[in-house]
$ cat protein_32.cif   # mmCIF, C-alpha atoms and all ligand atoms
data_my_file
loop_
_atom_site.label_atom_id
_atom_site.label_comp_id
_atom_site.auth_asym_id
_atom_site.auth_seq_id
_atom_site.Cartn_x
_atom_site.Cartn_y
_atom_site.Cartn_z
CA MET Y 1 -3.68 -13.19 -24.21
CA ASN Y 2 -5.14 -13.63 -20.76
CA ARG Y 3 -8.78 -14.77 -20.84
CA TYR Y 4 -9.76 -11.79 -18.68
CA ASN Y 5 -7.92 -9.10 -20.70
CA GLY Y 6 -9.75 -5.77 -20.94
CA ILE Y 7 -12.69 -6.72 -18.74
CA THR Y 8 -13.86 -4.32 -16.08
CA LEU Y 9 -12.85 -4.57 -12.44
CA ASP Y 10 -16.41 -5.40 -11.40
CA GLU Y 11 -16.68 -8.25 -13.92
CA PHE Y 12 -13.25 -9.52 -12.92
CA ILE Y 13 -14.12 -9.54 -9.22
CA ILE Y 14 -17.28 -11.54 -9.92
CA LEU Y 15 -15.47 -14.01 -12.20
CA LYS Y 16 -12.70 -14.47 -9.65
CA GLU Y 17 -15.24 -15.14 -6.92
CA LYS Y 18 -16.33 -18.23 -8.83
CA ASP Y 19 -12.84 -19.68 -8.20
CA TYR Y 20 -13.80 -19.85 -4.51
CA PRO Y 21 -16.85 -22.08 -4.07
CA ASP Y 22 -17.37 -20.92 -0.47
CA ALA Y 23 -17.26 -17.23 -1.32
CA THR Y 24 -20.25 -15.31 -0.04
CA GLY Y 25 -19.80 -12.21 -2.24
CA ASN Y 26 -19.12 -9.98 0.77
CA LEU Y 27 -15.45 -9.43 -0.05
CA SER Y 28 -16.30 -8.74 -3.69
CA LYS Y 29 -18.78 -6.10 -2.62
CA LEU Y 30 -16.22 -4.53 -0.31
CA LEU Y 31 -13.61 -4.38 -3.09
CA ARG Y 32 -16.14 -2.81 -5.42
CA ASP Y 33 -16.99 -0.16 -2.78
CA ILE Y 34 -13.30 0.74 -2.48
CA GLY Y 35 -13.09 0.91 -6.30
CA VAL Y 36 -16.03 3.31 -6.48
CA ALA Y 37 -14.68 5.52 -3.66
CA SER Y 38 -11.33 5.70 -5.48
CA LYS Y 39 -13.05 6.92 -8.64
CA VAL Y 40 -14.64 9.76 -6.68
CA ILE Y 41 -11.25 10.61 -5.12
CA ASN Y 42 -9.69 10.44 -8.59
CA ARG Y 43 -12.19 13.01 -9.82
CA GLU Y 44 -11.15 15.41 -7.05
CA VAL Y 45 -7.44 14.73 -7.65
CA ASN Y 46 -7.89 15.52 -11.33
CA LYS Y 47 -9.49 18.87 -10.71
CA ALA Y 48 -7.22 19.75 -7.81
CA GLY Y 49 -5.55 22.49 -9.81
CA LEU Y 50 -8.86 24.05 -10.76
CA VAL Y 51 -10.56 24.56 -7.44
CA ASP Y 52 -9.55 25.67 -4.03
CA ILE Y 53 -8.79 22.20 -2.83
CA LEU Y 54 -5.01 22.38 -3.01
CA GLY Y 55 -2.99 23.18 0.05
CA ALA Y 56 -3.21 22.50 3.74
CA ALA Y 57 -6.46 22.01 5.60
CA GLY Y 58 -5.04 23.63 8.71
CA ALA Y 59 -5.18 20.52 10.89
CA VAL Y 60 -2.46 18.04 11.85
CA ASN Y 61 -2.96 14.28 11.87
CA VAL Y 62 -1.94 11.84 14.61
CA GLN Y 63 1.61 11.65 13.22
CA ASP Y 64 1.94 15.46 13.67
CA GLU Y 65 2.02 15.96 9.94
CA GLU Y 66 0.07 18.72 8.30
CA GLN Y 67 -3.09 17.30 6.74
CA GLN Y 68 -3.68 18.34 3.16
CA LYS Y 69 -7.20 19.08 1.98
CA LEU Y 70 -7.17 16.10 -0.33
CA ASP Y 71 -6.07 13.84 2.56
CA VAL Y 72 -9.17 14.90 4.44
CA TYR Y 73 -11.38 14.52 1.40
CA ALA Y 74 -10.05 11.07 0.53
CA ASN Y 75 -10.34 9.91 4.13
CA ASN Y 76 -13.95 11.07 4.43
CA MET Y 77 -14.93 9.60 1.09
CA LEU Y 78 -13.53 6.15 1.86
CA ILE Y 79 -15.03 6.14 5.35
CA ASN Y 80 -18.46 7.02 3.92
CA TYR Y 81 -18.38 4.28 1.29
CA LEU Y 82 -17.09 1.71 3.76
CA LYS Y 83 -19.64 2.62 6.45
CA ASN Y 84 -22.55 2.56 4.02
CA GLY Y 85 -21.44 -0.49 2.03
CA GLY Y 86 -22.45 -2.91 4.80
CA GLN Y 87 -19.43 -5.26 4.50
CA CYS Y 88 -17.00 -3.44 6.77
CA THR Y 89 -17.13 -3.68 10.55
CA GLY Y 90 -14.29 -1.25 11.24
CA ILE Y 91 -11.81 1.13 9.71
CA GLY Y 92 -8.25 2.00 10.70
CA SER Y 93 -6.93 5.07 8.90
CA GLU Y 94 -3.60 6.86 8.94
CA GLU Y 95 -5.63 10.03 9.42
CA ASN Y 96 -7.63 8.90 12.49
CA GLU Y 97 -6.15 8.37 15.90
CA ASP Y 98 -8.48 5.51 16.85
CA ILE Y 99 -10.26 2.77 15.01
CA ILE Y 100 -13.70 3.57 13.67
CA ALA Y 101 -16.21 0.87 14.61
CA VAL Y 102 -19.17 0.78 12.22
CA ASP Y 103 -22.10 0.72 14.64
CA THR Y 104 -24.93 0.01 12.20
CA GLU Y 105 -26.66 -3.40 12.25
CA ASP Y 106 -24.84 -4.36 9.02
CA GLY Y 107 -21.55 -3.11 10.41
CA LYS Y 108 -21.86 -5.15 13.61
CA ASN Y 109 -22.57 -8.27 11.57
CA ALA Y 110 -19.89 -7.63 8.93
CA HIS Y 111 -16.79 -9.81 8.66
CA TYR Y 112 -14.05 -7.46 7.48
CA VAL Y 113 -11.90 -4.63 8.80
CA VAL Y 114 -10.17 -2.21 6.43
CA LEU Y 115 -6.92 -0.35 7.04
CA MET Y 116 -5.94 2.51 4.78
CA ASP Y 117 -3.64 5.32 3.87
CA PRO Y 118 -6.32 7.37 2.10
CA LEU Y 119 -3.86 9.66 0.36
CA ASP Y 120 -0.24 8.66 0.10
CA GLY Y 121 2.48 10.99 -1.15
CA SER Y 122 0.64 14.12 -0.11
CA SER Y 123 3.75 16.29 -0.50
CA ASN Y 124 3.33 15.65 -4.25
CA ILE Y 125 -0.20 17.06 -4.51
CA ASP Y 126 0.86 20.61 -5.19
CA ILE Y 127 3.21 19.66 -8.02
CA ASN Y 128 0.96 17.28 -10.01
CA ALA Y 129 3.11 14.20 -9.37
CA SER Y 130 1.80 10.70 -8.59
CA ILE Y 131 -0.12 10.16 -5.38
CA GLY Y 132 -2.18 7.19 -4.26
CA THR Y 133 -4.48 5.33 -1.89
CA ILE Y 134 -3.37 2.15 -0.09
CA PHE Y 135 -5.80 -0.34 1.47
CA SER Y 136 -5.77 -3.69 3.19
CA ILE Y 137 -8.51 -6.02 4.35
CA TYR Y 138 -8.52 -8.55 7.19
CA LYS Y 139 -11.21 -10.85 8.53
CA ARG Y 140 -12.18 -9.71 12.01
CA LYS Y 141 -11.00 -11.90 14.89
CA SER Y 142 -13.91 -11.05 17.18
CA ASN Y 143 -17.38 -12.41 16.69
CA LYS Y 144 -20.36 -10.22 15.94
CA GLY Y 145 -20.90 -6.84 17.56
CA LEU Y 146 -18.63 -3.83 17.65
CA CYS Y 147 -15.12 -4.59 16.43
CA ASN Y 148 -12.09 -3.90 18.64
CA LEU Y 149 -8.42 -2.96 18.24
CA ASP Y 150 -7.35 -6.61 18.24
CA ASP Y 151 -9.21 -7.12 14.96
CA PHE Y 152 -6.75 -4.72 13.32
CA LEU Y 153 -3.46 -5.83 14.86
CA GLN Y 154 -2.95 -8.82 12.60
CA GLU Y 155 0.18 -9.97 10.78
CA GLY Y 156 0.35 -9.51 7.02
CA ASN Y 157 0.18 -13.27 6.45
CA LYS Y 158 -3.45 -13.07 7.58
CA LEU Y 159 -4.54 -10.53 4.96
CA VAL Y 160 -7.43 -11.47 2.71
CA ALA Y 161 -6.79 -8.66 0.23
CA ALA Y 162 -4.68 -5.54 -0.29
CA GLY Y 163 -4.12 -3.03 -3.02
CA TYR Y 164 -3.41 0.51 -4.04
CA VAL Y 165 -4.73 3.09 -6.44
CA ILE Y 166 -2.21 5.32 -8.20
CA TYR Y 167 -3.44 8.68 -9.41
CA GLY Y 168 -0.72 9.17 -12.00
CA SER Y 169 -0.43 9.85 -15.71
CA SER Y 170 -3.30 7.40 -15.81
CA THR Y 171 -5.18 6.10 -12.79
CA MET Y 172 -4.68 2.46 -11.90
CA LEU Y 173 -6.01 0.11 -9.25
CA VAL Y 174 -3.71 -2.79 -8.40
CA TYR Y 175 -4.86 -5.47 -5.96
CA SER Y 176 -4.49 -9.04 -4.80
CA THR Y 177 -6.70 -11.46 -2.92
CA GLY Y 178 -3.87 -13.94 -2.47
CA SER Y 179 -3.69 -15.53 -5.90
CA GLY Y 180 -1.47 -13.14 -7.83
CA VAL Y 181 -1.63 -9.43 -8.53
CA ASN Y 182 -3.73 -7.74 -11.19
CA GLY Y 183 -3.72 -4.14 -12.38
CA PHE Y 184 -6.65 -2.18 -13.83
CA THR Y 185 -6.43 1.15 -15.66
CA LEU Y 186 -9.27 3.63 -15.35
CA ASP Y 187 -10.76 4.36 -18.76
CA PRO Y 188 -12.08 7.90 -18.25
CA SER Y 189 -14.38 7.64 -21.28
CA ILE Y 190 -16.49 4.92 -19.64
CA GLY Y 191 -15.56 5.54 -15.98
CA GLU Y 192 -14.49 1.92 -15.47
CA TYR Y 193 -11.31 0.23 -14.36
CA CYS Y 194 -10.30 -2.22 -17.12
CA LEU Y 195 -7.83 -5.07 -16.71
CA SER Y 196 -4.58 -3.84 -18.29
CA HIS Y 197 -1.89 -5.64 -16.26
CA PRO Y 198 -2.97 -9.25 -15.66
CA ASP Y 199 -0.87 -11.38 -13.31
CA ILE Y 200 1.90 -8.89 -12.55
CA ARG Y 201 5.25 -10.56 -11.87
CA THR Y 202 8.14 -8.56 -10.43
CA PRO Y 203 11.45 -9.29 -12.21
CA ASP Y 204 14.05 -10.89 -9.92
CA THR Y 205 16.29 -7.84 -10.32
CA GLY Y 206 15.99 -4.35 -11.78
CA LYS Y 207 17.88 -1.25 -12.90
CA TYR Y 208 16.86 1.14 -10.15
CA TYR Y 209 17.07 1.62 -6.41
CA SER Y 210 14.76 4.02 -4.63
CA VAL Y 211 15.54 5.74 -1.33
CA ASN Y 212 15.67 9.21 0.21
CA GLN Y 213 19.41 9.58 -0.34
CA ALA Y 214 19.50 12.74 1.80
CA ASN Y 215 19.22 10.46 4.85
CA TYR Y 216 22.25 8.38 3.78
CA SER Y 217 24.57 9.49 6.60
CA SER Y 218 22.09 8.39 9.28
CA PHE Y 219 21.22 4.98 7.81
CA PRO Y 220 22.53 1.83 9.54
CA THR Y 221 26.02 0.81 8.40
CA HIS Y 222 24.69 -2.22 6.49
CA THR Y 223 22.37 0.00 4.46
CA ARG Y 224 25.10 2.55 3.66
CA ARG Y 225 27.40 -0.23 2.47
CA TYR Y 226 24.55 -1.80 0.51
CA ILE Y 227 23.80 1.50 -1.26
CA ASP Y 228 27.52 1.92 -2.02
CA TRP Y 229 27.45 -1.54 -3.59
CA LEU Y 230 24.32 -0.77 -5.64
CA VAL Y 231 25.87 2.43 -6.98
CA ASN Y 232 29.54 1.55 -7.38
CA GLU Y 233 29.45 -2.16 -8.22
CA LYS Y 234 26.08 -2.61 -9.85
CA LYS Y 235 25.70 0.87 -11.42
CA LYS Y 236 22.03 1.05 -10.44
CA GLY Y 237 20.25 4.33 -11.08
CA LEU Y 238 18.44 6.28 -8.36
CA ARG Y 239 14.71 6.91 -8.80
CA TYR Y 240 12.77 8.56 -5.99
CA ILE Y 241 9.36 10.17 -6.28
CA GLY Y 242 8.74 10.50 -2.54
CA SER Y 243 5.35 8.90 -2.89
CA MET Y 244 5.45 5.27 -1.78
CA VAL Y 245 2.69 4.29 -4.17
CA GLY Y 246 4.59 5.80 -7.12
CA ASP Y 247 7.93 4.31 -6.13
CA MET Y 248 6.34 0.96 -5.34
CA HIS Y 249 4.41 0.86 -8.62
CA ARG Y 250 7.62 1.25 -10.61
CA THR Y 251 9.38 -1.36 -8.48
CA LEU Y 252 6.51 -3.85 -8.78
CA LEU Y 253 6.41 -3.58 -12.57
CA LYS Y 254 10.09 -3.11 -13.40
CA GLY Y 255 11.92 -4.71 -10.49
CA GLY Y 256 14.58 -3.03 -8.34
CA ILE Y 257 14.39 -2.08 -4.68
CA PHE Y 258 12.57 0.57 -2.64
CA MET Y 259 13.84 1.31 0.85
CA TYR Y 260 12.79 3.45 3.76
CA PRO Y 261 15.38 2.43 6.35
CA ALA Y 262 15.73 3.42 10.00
CA THR Y 263 17.51 6.73 10.59
CA ASN Y 264 19.08 8.25 13.71
CA SER Y 265 16.09 10.48 14.28
CA ALA Y 266 13.53 7.83 13.22
CA PRO Y 267 14.83 4.49 14.51
CA GLU Y 268 11.63 2.74 13.37
CA GLY Y 269 11.76 4.38 9.94
CA LYS Y 270 8.98 6.64 8.72
CA LEU Y 271 6.45 4.43 7.00
CA ARG Y 272 3.53 2.87 8.84
CA LEU Y 273 3.48 -0.87 9.29
CA LEU Y 274 -0.28 -1.34 8.95
CA TYR Y 275 -1.17 1.30 6.37
CA GLU Y 276 1.86 1.19 4.07
CA CYS Y 277 4.41 -1.57 4.71
CA ILE Y 278 2.17 -4.63 5.15
CA PRO Y 279 -0.15 -4.04 2.15
CA MET Y 280 2.79 -3.26 -0.13
CA ALA Y 281 4.72 -6.29 1.16
CA TYR Y 282 1.70 -8.50 0.47
CA LEU Y 283 1.46 -7.25 -3.12
CA MET Y 284 5.21 -7.60 -3.68
CA VAL Y 285 5.26 -11.16 -2.31
CA GLN Y 286 2.19 -12.05 -4.39
CA ALA Y 287 4.07 -10.75 -7.46
CA GLY Y 288 7.11 -12.93 -6.68
CA GLY Y 289 9.22 -10.36 -4.81
CA ARG Y 290 10.08 -9.88 -1.13
CA ALA Y 291 9.86 -7.32 1.69
CA THR Y 292 11.75 -7.15 4.98
CA ASP Y 293 12.52 -4.69 7.76
CA SER Y 294 16.17 -5.87 7.34
CA LYS Y 295 15.69 -8.58 9.99
CA ARG Y 296 12.21 -10.02 9.51
CA GLU Y 297 9.87 -10.61 6.62
CA ILE Y 298 7.36 -7.77 6.84
CA LEU Y 299 4.42 -10.20 6.56
CA ASP Y 300 5.59 -12.08 9.69
CA ILE Y 301 5.57 -9.01 11.95
CA ILE Y 302 2.76 -8.95 14.50
CA PRO Y 303 1.71 -5.30 14.95
CA SER Y 304 1.37 -4.03 18.50
CA GLN Y 305 0.01 -0.56 17.75
CA LEU Y 306 -2.28 0.90 15.14
CA HIS Y 307 0.09 3.65 14.01
CA GLU Y 308 3.34 1.71 14.44
CA ARG Y 309 6.19 2.46 12.02
CA CYS Y 310 8.64 0.05 10.46
CA PRO Y 311 11.78 0.19 8.24
CA ILE Y 312 11.18 -1.39 4.85
CA TYR Y 313 13.27 -2.95 2.07
CA ILE Y 314 11.02 -4.15 -0.73
CA GLY Y 315 11.46 -5.39 -4.28
CA SER Y 316 13.23 -7.98 -6.39
CA THR Y 317 14.33 -11.19 -4.70
CA ARG Y 318 17.96 -11.05 -5.83
CA LEU Y 319 18.39 -7.52 -4.49
CA LEU Y 320 16.67 -8.47 -1.20
CA LYS Y 321 19.01 -11.42 -0.77
CA ARG Y 322 21.91 -8.98 -0.93
CA VAL Y 323 20.27 -6.89 1.82
CA ASP Y 324 20.34 -10.01 4.02
CA GLU Y 325 24.04 -10.49 3.25
CA PHE Y 326 24.97 -6.89 4.07
CA VAL Y 327 23.02 -7.09 7.34
CA GLU Y 328 24.86 -10.29 8.22
CA ASN Y 329 28.26 -8.81 7.35
CA PHE Y 330 27.89 -5.34 8.84
CA GLY Y 331 25.34 -5.76 11.63
CA ASP Y 332 23.58 -2.59 12.76
P1 LIG U 401 1.91 10.22 3.37
O1 LIG U 401 1.74 11.24 2.29
O2 LIG U 401 0.79 9.22 3.42
O3 LIG U 401 2.21 10.82 4.71
O4 LIG U 401 3.15 9.29 3.00
C1 LIG U 401 4.36 9.89 2.61
C2 LIG U 401 5.41 8.83 2.69
C3 LIG U 401 5.54 7.94 1.48
O5 LIG U 401 4.59 8.09 0.50
C4 LIG U 401 6.91 8.25 0.94
O6 LIG U 401 7.53 7.06 0.55
C5 LIG U 401 7.62 8.91 2.07
O7 LIG U 401 6.64 9.49 2.88
C6 LIG U 401 8.57 9.96 1.64
O8 LIG U 401 9.24 10.46 2.76
P2 LIG U 401 10.50 11.44 2.63
O9 LIG U 401 9.98 12.76 2.19
O10 LIG U 401 11.07 11.46 4.04
O11 LIG U 401 11.47 10.83 1.67
MN MN U 402 1.64 7.31 3.01
MN MN U 403 -1.31 9.56 3.76
#
$ encode --input "protein_32.cif" --output "C-alpha cells" --more "lines below"
Ligand code: AHG
Ligand code: MN
Ligand code: MN
Amino acid sequence: MNRYNGITLDEFIILKEKDYPDATGNLSKLLRDIGVASKVINREVNKAGLVDILGAAGAVNVQDEEQQKLDVYANNMLINYLKNGGQCTGIGSEENEDIIAVDTEDGKNAHYVVLMDPLDGSSNIDINASIGTIFSIYKRKSNKGLCNLDDFLQEGNKLVAAGYVIYGSSTMLVYSTGSGVNGFTLDPSIGEYCLSHPDIRTPDTGKYYSVNQANYSSFPTHTRRYIDWLVNEKKKGLRYIGSMVGDMHRTLLKGGIFMYPATNSAPEGKLRLLYECIPMAYLMVQAGGRATDSKREILDIIPSQLHERCPIYIGSTRLLKRVDEFVENFGD
C-alpha cells in the first residue's frame, strides 16, 4: 500500500511539493488550476447528450479541422482558469493560431507556459467514447514581461510537468512532474480526484498494438513490415479508439504500442509535436516506456513551430526496440 493511496489530488500535490525544498508553490497552484478546469469540462462532457452542446460549432481551427462545440468550450475554460490563476505567463493551444500572452501583472511575472490540446479525440464526442485533455508545462526562457514564441518551442526534456485527463467510463487525471507518473480518479460523490494509480509503470511489452490500420498501404516500408511482424509473428491484437488519450491510457497501463506514423499524404504524421506527442512521450518515459518518431527520441526533438506535426511510436520498451530494428533493416 502506497503511503499516499486514496488521498486527493490537491493533498498529493502539496505533499509532493515538500520533496522539493526550493519549491515556491507556483507549479502546485498551476496544476491545481488545471485540475479544477478539467472538472468543469468533465461536467460539460457528462451532460453533452442532454443539451445542445453536441456537434460542430461551425468554425474551423488552424489545422483546418472542424471545431466541435466541446473543443471550444474546453479551450475557453482552460484559458480562463490559466489566465486568472496568476501562475501562467502564456498559453499555446491546438485551437489557437498564435500564443496567448497573459498580459496581467501576475501573468507578466509568472514563470510557466502551458501547452494544451483542450479536447482530444473530438470525433468520439458524438458517440460517447473516451475523449481527453492533454497539457504540458515549461518554465519560460525569457525574463519577466510578455512571453514570446521562443518560450514555447522547447524540447520535451525541458518539461517540468505534463499530463492528461481522460473523460471515460470514469474520469481520470494522470500527470508527472518528473519523478514517476500518478493517476487520480474523479470521485463524483465528493468532486475530488483521488489517487487510484500510484507510480504507474508501463510493462516492457503488451498484448496490443494501436494504429489506424486503414492507412497501412501508405505507411513507410519499415512500419508495414513491423505491423506484419506484430500480427503474424507475435499475434498481437489491434485496439484503436481514435482518441490518442484513450489509446495512450491503455498503452500506459497495459503495455503495447501506439503508432501514428507518417503517410504519403501526411509525411509528418497527423499528431502535433507540442500538444500531443511531447507530453505523452514524457509520461511514457516517466513510466519506464519509450517514444520515438522512428529516428529520434521524441523528447530530444527541438520544435521549430507551434503547430508542428510529428510521427509517433510510443509504448513498451521491447516493442520500441523492434521498431528501431525494422527501421534499420528496411530504411524509409
Ligand atoms: P483531436 O481531436 O485533438 O484533433 O485529435 C485527434 C487525434 C488523436 O486523438 C487520434 O489519435 C487521432 O487524431 C486519430 O486520427 P485518425 O482518425 O486519422 O485515426
Ligand atoms: Mn488531439
Ligand atoms: Mn483537440
$ closest_atom_pairs --input "protein_32.cif" --of "chain Y" --to "ligand MN 403 (chain U)" --cutoff "9 Å" --atoms "all atoms listed in the file" --output "Markdown table"
| residue | atom | partner | partner_atom | distance |
| --- | --- | --- | --- | --- |
| Y:Gln67 | CA | U:MN403 | MN | 8.5 |
| Y:Asp71 | CA | U:MN403 | MN | 6.5 |
| Y:Ser93 | CA | U:MN403 | MN | 8.8 |
| Y:Glu94 | CA | U:MN403 | MN | 6.3 |
| Y:Glu95 | CA | U:MN403 | MN | 7.1 |
| Y:Met116 | CA | U:MN403 | MN | 8.5 |
| Y:Asp117 | CA | U:MN403 | MN | 4.8 |
| Y:Pro118 | CA | U:MN403 | MN | 5.7 |
| Y:Leu119 | CA | U:MN403 | MN | 4.3 |
| Y:Asp120 | CA | U:MN403 | MN | 3.9 |
| Y:Gly121 | CA | U:MN403 | MN | 6.4 |
| Y:Ser122 | CA | U:MN403 | MN | 6.3 |
| Y:Gly132 | CA | U:MN403 | MN | 8.4 |
| Y:Thr133 | CA | U:MN403 | MN | 7.7 |
| Y:Ile134 | CA | U:MN403 | MN | 8.6 |
| Y:Tyr275 | CA | U:MN403 | MN | 8.7 |
| Y:Glu276 | CA | U:MN403 | MN | 9.0 |
$ closest_residue --input "protein_32.cif" --among "Y:Cys88, Y:Ala37, Y:Val211, Y:Ala287" --to "ligand LIG 401 (chain U)" --atoms "only C-alpha atoms and all ligand atoms"
Y:Val211
$ closest_residue --input "protein_32.cif" --among "Y:Gly269, Y:Gly163, Y:Gly156, Y:Gly92" --to "Leu31 in chain Y" --atoms "only C-alpha atoms"
Y:Gly163
$ atom_distance --input "protein_32.cif" --atom1 "CA of Met284 in chain Y" --atom2 "CA of Thr223 in chain Y"
20.5 Å
$ residues_around --input "protein_32.cif" --residues "Met248 in chain Y" --least-positions-apart "2" --cutoff "12 Å" --atoms "only C-alpha atoms" --output "ChimeraX atom specification"
/Y:120-121,130-132,134,163-166,174,202,208-211,239-246,250-260,276-277,279-281,283-284,289,291,312-316
